[in-house]
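Peer 1: Here you go, one structure.
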Amino acid sequence: MAWNEPGGGNKDPWGGKGGNDGPPDLDEMARKMRDKMNKFFGGRGGKSGGKSGGGIPMNFGLIAVVAVVAWVLSGIYIVQPAERGVVLRLGEYNETTGPGPHWFMRGIETVDKVDVDNLRTVSHRAKMLTKDENIIQVELAVQYQVRDAMEYLFQVRDPDYTLQEATESALREVVGSMSMDSFFSGGRGKIVLQTKNLTQAILDKYKAGLIITSVNLQDPQPPEEVQGAFEDAIKAQEDEVRYKNQAEAYALDILPKARGDATRKREAAMAYRDQIVAKAEGEASRFTQTRVEYEKAPEITRKRMYLDTMEYVLANSSKVVMAVKDGNNLMYIPLDKMMGNKGTGRLQSREQVEANVTPPMPEGQSGGRSSTREGGTRR
């Protein structure tokens, strides 16, 4: 007998109670689950035609809370120590944030991060005209950093290109104000300083937000057409410097010697002057004393002066004249001994001379001749 036939007991094979009961209603199960969730979140459950009408608003609230939390968390950003954050609110500049965590209203504000510690480099190479209408090839390297992040982003469309153009303009102005010789003869430091200051002034005027840290000027080169002549000119300048250094070294060596010689000669002249003056004063004093003695005894003083004068004159003479009574005799005079006493300043007496004369030779050997020799006389 079938389970749903009369008298069959009306038994449900799924465990249900007979009658109109059928398989479990899935919609009913979902409704019950939804009611439990609504009760859990504070809503109210109930039956209304098999559907719940109080749980739908609560689902939207939960979604809204999650969305708000996600929106808040998405607005957190971190600025690194080498960066600066530029915050725009509805496209207009609002503030600049420093290193650390920050928050912005996503959808209303935007953040641009700018690296301000990065050392950037731009190089420029071009041919330029000097004041004396010479063409030189100059290569310049400029290192710079971002000083103001807001100005760097919004004041100038392309700050890096602006820096390059400003550097070229400043360099042409500086090079055009000096001659080529001045440019190559030690004016590089001046050129670098003037170029840096002039370029920084242009950037500040444009509010580019950049600051120049250093300017490096490479070795300038002339155009290839005049490279040989340029090298000859450089060598000539180097030779000029070398010759000047040699001349200065020679001057530093010879001038002290000349000054020393001049000082020595000046002192010698002063010593000679003092000697002559002292000698003249001594002779004047001796003459005065002699005059005083002459006034006391004129005859004696006159004879004494005569003898002193003859002694001084004859002491320097190399001739000896003698008169012998017997003129036919030939005698030997030792002139070497007599001349040896020349330095004594005294004349020998006649007795001393005769003592040094050898005895006369026999008259027969003399031949009655007389002869005269240098340094003496024989008869």
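Residues are referred to by chain and number: the chain letter is A, B, ... according to the order shown in the structure tokens, the number counts from 1 in that chain, and ligands are numbered separately from 1 in the order shown.
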Identify, on the basis of only C-alpha atoms, every residue whose closest approach to Gly98 in chain A does not exceed 8 Å; exclude the query and any residue fewer than 3 positions from it along the same chain; express the result as an MDAnalysis selection string.

Peer 2: chainID A and resid 79 81 83:85

Peer 1: Please, could you write that set of residues out with C-alpha atoms as a PDB file, in the first residue's frame?

Peer 2:
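Output (out_20.pdb):
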ATOM      1  CA  VAL A  79      56.962  60.481   3.122  1.00  0.00           C
ATOM      2  CA  PRO A  81      63.329  61.438   4.733  1.00  0.00           C
ATOM      3  CA  GLU A  83      61.184  63.430   0.045  1.00  0.00           C
ATOM      4  CA  ARG A  84      58.582  66.113   0.462  1.00  0.00           C
ATOM      5  CA  GLY A  85      54.867  65.590  -0.115  1.00  0.00           C
TER       6      GLY A  85
END

Peer 1: Taking the backbone alone, and naming residues the way the document does, which bits of range 114-170 of chain A are helix (DSSP H, G or I) by DSSP, as a PDB file with N, CA and C atoms, in the first residue's frame?

Peer 2:
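Result file is out-v5.pdb:
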ATOM      1  N   ALA A 149      59.637  72.136  -3.198  1.00  0.00           N
ATOM      2  CA  ALA A 149      58.908  71.122  -3.961  1.00  0.00           C
ATOM      3  C   ALA A 149      57.710  71.714  -4.681  1.00  0.00           C
ATOM      4  N   MET A 150      56.978  72.649  -4.031  1.00  0.00           N
ATOM      5  CA  MET A 150      55.806  73.234  -4.656  1.00  0.00           C
ATOM      6  C   MET A 150      56.189  74.037  -5.892  1.00  0.00           C
ATOM      7  N   GLU A 151      57.230  74.872  -5.791  1.00  0.00           N
ATOM      8  CA  GLU A 151      57.678  75.645  -6.949  1.00  0.00           C
ATOM      9  C   GLU A 151      58.193  74.726  -8.052  1.00  0.00           C
ATOM     10  N   TYR A 152      58.894  73.681  -7.659  1.00  0.00           N
ATOM     11  CA  TYR A 152      59.424  72.753  -8.655  1.00  0.00           C
ATOM     12  C   TYR A 152      58.308  72.090  -9.466  1.00  0.00           C
ATOM     13  N   LEU A 153      57.146  71.819  -8.828  1.00  0.00           N
ATOM     14  CA  LEU A 153      56.053  71.120  -9.517  1.00  0.00           C
ATOM     15  C   LEU A 153      55.146  72.050 -10.306  1.00  0.00           C
ATOM     16  N   PHE A 154      54.924  73.288  -9.822  1.00  0.00           N
ATOM     17  CA  PHE A 154      53.831  74.066 -10.379  1.00  0.00           C
ATOM     18  C   PHE A 154      54.218  75.431 -10.938  1.00  0.00           C
ATOM     19  N   PRO A 159      61.286  72.456 -15.030  1.00  0.00           N
ATOM     20  CA  PRO A 159      62.389  73.129 -14.321  1.00  0.00           C
ATOM     21  C   PRO A 159      63.772  72.669 -14.785  1.00  0.00           C
ATOM     22  N   ASP A 160      63.945  71.395 -15.090  1.00  0.00           N
ATOM     23  CA  ASP A 160      65.254  70.906 -15.504  1.00  0.00           C
ATOM     24  C   ASP A 160      65.677  71.533 -16.830  1.00  0.00           C
ATOM     25  N   TYR A 161      64.765  71.626 -17.770  1.00  0.00           N
ATOM     26  CA  TYR A 161      65.073  72.271 -19.045  1.00  0.00           C
ATOM     27  C   TYR A 161      65.324  73.764 -18.843  1.00  0.00           C
ATOM     28  N   THR A 162      64.565  74.364 -17.946  1.00  0.00           N
ATOM     29  CA  THR A 162      64.781  75.788 -17.649  1.00  0.00           C
ATOM     30  C   THR A 162      66.178  76.021 -17.081  1.00  0.00           C
ATOM     31  N   LEU A 163      66.628  75.121 -16.198  1.00  0.00           N
ATOM     32  CA  LEU A 163      67.979  75.220 -15.651  1.00  0.00           C
ATOM     33  C   LEU A 163      69.022  75.121 -16.751  1.00  0.00           C
ATOM     34  N   GLN A 164      68.846  74.215 -17.688  1.00  0.00           N
ATOM     35  CA  GLN A 164      69.799  74.067 -18.773  1.00  0.00           C
ATOM     36  C   GLN A 164      69.878  75.321 -19.634  1.00  0.00           C
ATOM     37  N   GLU A 165      68.730  75.884 -19.959  1.00  0.00           N
ATOM     38  CA  GLU A 165      68.726  77.104 -20.771  1.00  0.00           C
ATOM     39  C   GLU A 165      69.299  78.288 -19.997  1.00  0.00           C
ATOM     40  N   ALA A 166      68.982  78.382 -18.719  1.00  0.00           N
ATOM     41  CA  ALA A 166      69.523  79.485 -17.914  1.00  0.00           C
ATOM     42  C   ALA A 166      71.031  79.380 -17.783  1.00  0.00           C
ATOM     43  N   THR A 167      71.551  78.158 -17.649  1.00  0.00           N
ATOM     44  CA  THR A 167      73.001  77.968 -17.551  1.00  0.00           C
ATOM     45  C   THR A 167      73.695  78.386 -18.836  1.00  0.00           C
ATOM     46  N   GLU A 168      73.147  78.008 -19.967  1.00  0.00           N
ATOM     47  CA  GLU A 168      73.759  78.394 -21.239  1.00  0.00           C
ATOM     48  C   GLU A 168      73.740  79.907 -21.420  1.00  0.00           C
ATOM     49  N   SER A 169      72.620  80.527 -21.076  1.00  0.00           N
ATOM     50  CA  SER A 169      72.525  81.978 -21.203  1.00  0.00           C
ATOM     51  C   SER A 169      73.538  82.685 -20.311  1.00  0.00           C
ATOM     52  N   ALA A 170      73.654  82.235 -19.069  1.00  0.00           N
ATOM     53  CA  ALA A 170      74.606  82.862 -18.138  1.00  0.00           C
ATOM     54  C   ALA A 170      76.043  82.644 -18.597  1.00  0.00           C
TER      55      ALA A 170
END

Peer 1: Could you name the residues that touch Ile136 in chain A at 6 Å or less, counting only C-alpha atoms, but leaving out those on the same chain fewer than 5 positions away, as a list in words?

Peer 2: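 Returned residues: Lys127, Met128 and Pro222 of chain A.
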
Peer 1: Excluding range 99-103 of chain A and its own-chain neighbours fewer than 2 positions away, which residues fall within 9 Å of it when counting only C-alpha atoms? Please give them as a short mmCIF file (atom, residue, chain, number, x, y, z; two decimals) with C-alpha atoms, in the first residue's frame.

Peer 2:
data_model
loop_
_atom_site.label_atom_id
_atom_site.label_comp_id
_atom_site.auth_asym_id
_atom_site.auth_seq_id
_atom_site.Cartn_x
_atom_site.Cartn_y
_atom_site.Cartn_z
CA VAL A 72 40.24 56.16 5.60
CA LEU A 73 42.95 53.54 5.44
CA SER A 74 43.60 54.22 1.77
CA GLY A 75 44.42 57.87 2.56
CA ILE A 76 47.45 57.02 4.70
CA TYR A 77 50.81 57.71 3.01
CA ILE A 78 54.43 57.87 4.19
CA VAL A 79 56.96 60.48 3.12
CA GLN A 80 60.57 59.30 3.13
CA PRO A 81 63.33 61.44 4.73
CA ALA A 82 64.65 62.48 1.32
CA GLU A 83 61.18 63.43 0.04
CA ARG A 84 58.58 66.11 0.46
CA GLY A 85 54.87 65.59 -0.12
CA THR A 97 54.35 67.68 4.21
CA MET A 105 41.28 62.68 1.78
CA ARG A 106 41.33 60.35 -1.18
#

Peer 1: With a distance cut-off of 7 Å and only C-alpha atoms, select the neighbouring residues of Pro220 in chain A, excluding the residue or stretch itself and same-chain residues fewer than 5 positions from it, and output the selection as number ranges by chain.

Peer 2: A: 136-139

Peer 1: Would you list the contacts of range 177-184 of chain A as an MDAnalysis selection string, taking every protein, DNA or RNA residue within 12 Å and counting only C-alpha atoms, but skipping same-chain residues closer than 5 positions in sequence?

Peer 2: chainID A and resid 128:138 170:172 189:192 194:195 217:222 230:231 233:238

Peer 1: Any chance you can output those residues with C-alpha atoms as a PDB file, in the first residue's frame?

Peer 2:
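Okay, this is what ended up in part.pdb:
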ATOM      1  CA  MET A 128      80.824  80.431 -27.703  1.00  0.00           C
ATOM      2  CA  LEU A 129      82.168  83.769 -28.879  1.00  0.00           C
ATOM      3  CA  THR A 130      84.594  85.718 -26.681  1.00  0.00           C
ATOM      4  CA  LYS A 131      84.935  89.456 -26.363  1.00  0.00           C
ATOM      5  CA  ASP A 132      87.767  89.579 -28.910  1.00  0.00           C
ATOM      6  CA  GLU A 133      85.667  87.573 -31.405  1.00  0.00           C
ATOM      7  CA  ASN A 134      87.380  84.231 -30.908  1.00  0.00           C
ATOM      8  CA  ILE A 135      85.411  80.986 -30.877  1.00  0.00           C
ATOM      9  CA  ILE A 136      85.987  78.494 -28.095  1.00  0.00           C
ATOM     10  CA  GLN A 137      84.257  75.270 -27.193  1.00  0.00           C
ATOM     11  CA  VAL A 138      83.079  75.148 -23.573  1.00  0.00           C
ATOM     12  CA  ALA A 170      74.606  82.862 -18.138  1.00  0.00           C
ATOM     13  CA  LEU A 171      77.724  81.152 -19.514  1.00  0.00           C
ATOM     14  CA  ARG A 172      77.452  82.958 -22.846  1.00  0.00           C
ATOM     15  CA  GLY A 189      87.496  80.249 -11.152  1.00  0.00           C
ATOM     16  CA  LYS A 190      86.008  83.645 -11.902  1.00  0.00           C
ATOM     17  CA  ILE A 191      83.979  82.204 -14.778  1.00  0.00           C
ATOM     18  CA  VAL A 192      82.572  79.403 -12.618  1.00  0.00           C
ATOM     19  CA  GLN A 194      79.944  84.316 -12.105  1.00  0.00           C
ATOM     20  CA  THR A 195      78.090  81.602 -14.041  1.00  0.00           C
ATOM     21  CA  LEU A 217      83.996  73.861 -16.030  1.00  0.00           C
ATOM     22  CA  GLN A 218      85.792  71.355 -18.195  1.00  0.00           C
ATOM     23  CA  ASP A 219      89.007  72.211 -20.020  1.00  0.00           C
ATOM     24  CA  PRO A 220      88.002  74.534 -22.844  1.00  0.00           C
ATOM     25  CA  GLN A 221      88.968  73.542 -26.346  1.00  0.00           C
ATOM     26  CA  PRO A 222      89.167  75.577 -29.537  1.00  0.00           C
ATOM     27  CA  PHE A 230      95.738  77.141 -30.351  1.00  0.00           C
ATOM     28  CA  GLU A 231      98.239  74.568 -29.044  1.00  0.00           C
ATOM     29  CA  ALA A 233      99.626  79.722 -28.392  1.00  0.00           C
ATOM     30  CA  ILE A 234      99.255  77.657 -25.224  1.00  0.00           C
ATOM     31  CA  LYS A 235     102.882  76.532 -25.442  1.00  0.00           C
ATOM     32  CA  ALA A 236     103.989  80.131 -25.925  1.00  0.00           C
ATOM     33  CA  GLN A 237     102.059  81.164 -22.833  1.00  0.00           C
ATOM     34  CA  GLU A 238     103.593  78.316 -20.857  1.00  0.00           C
TER      35      GLU A 238
END
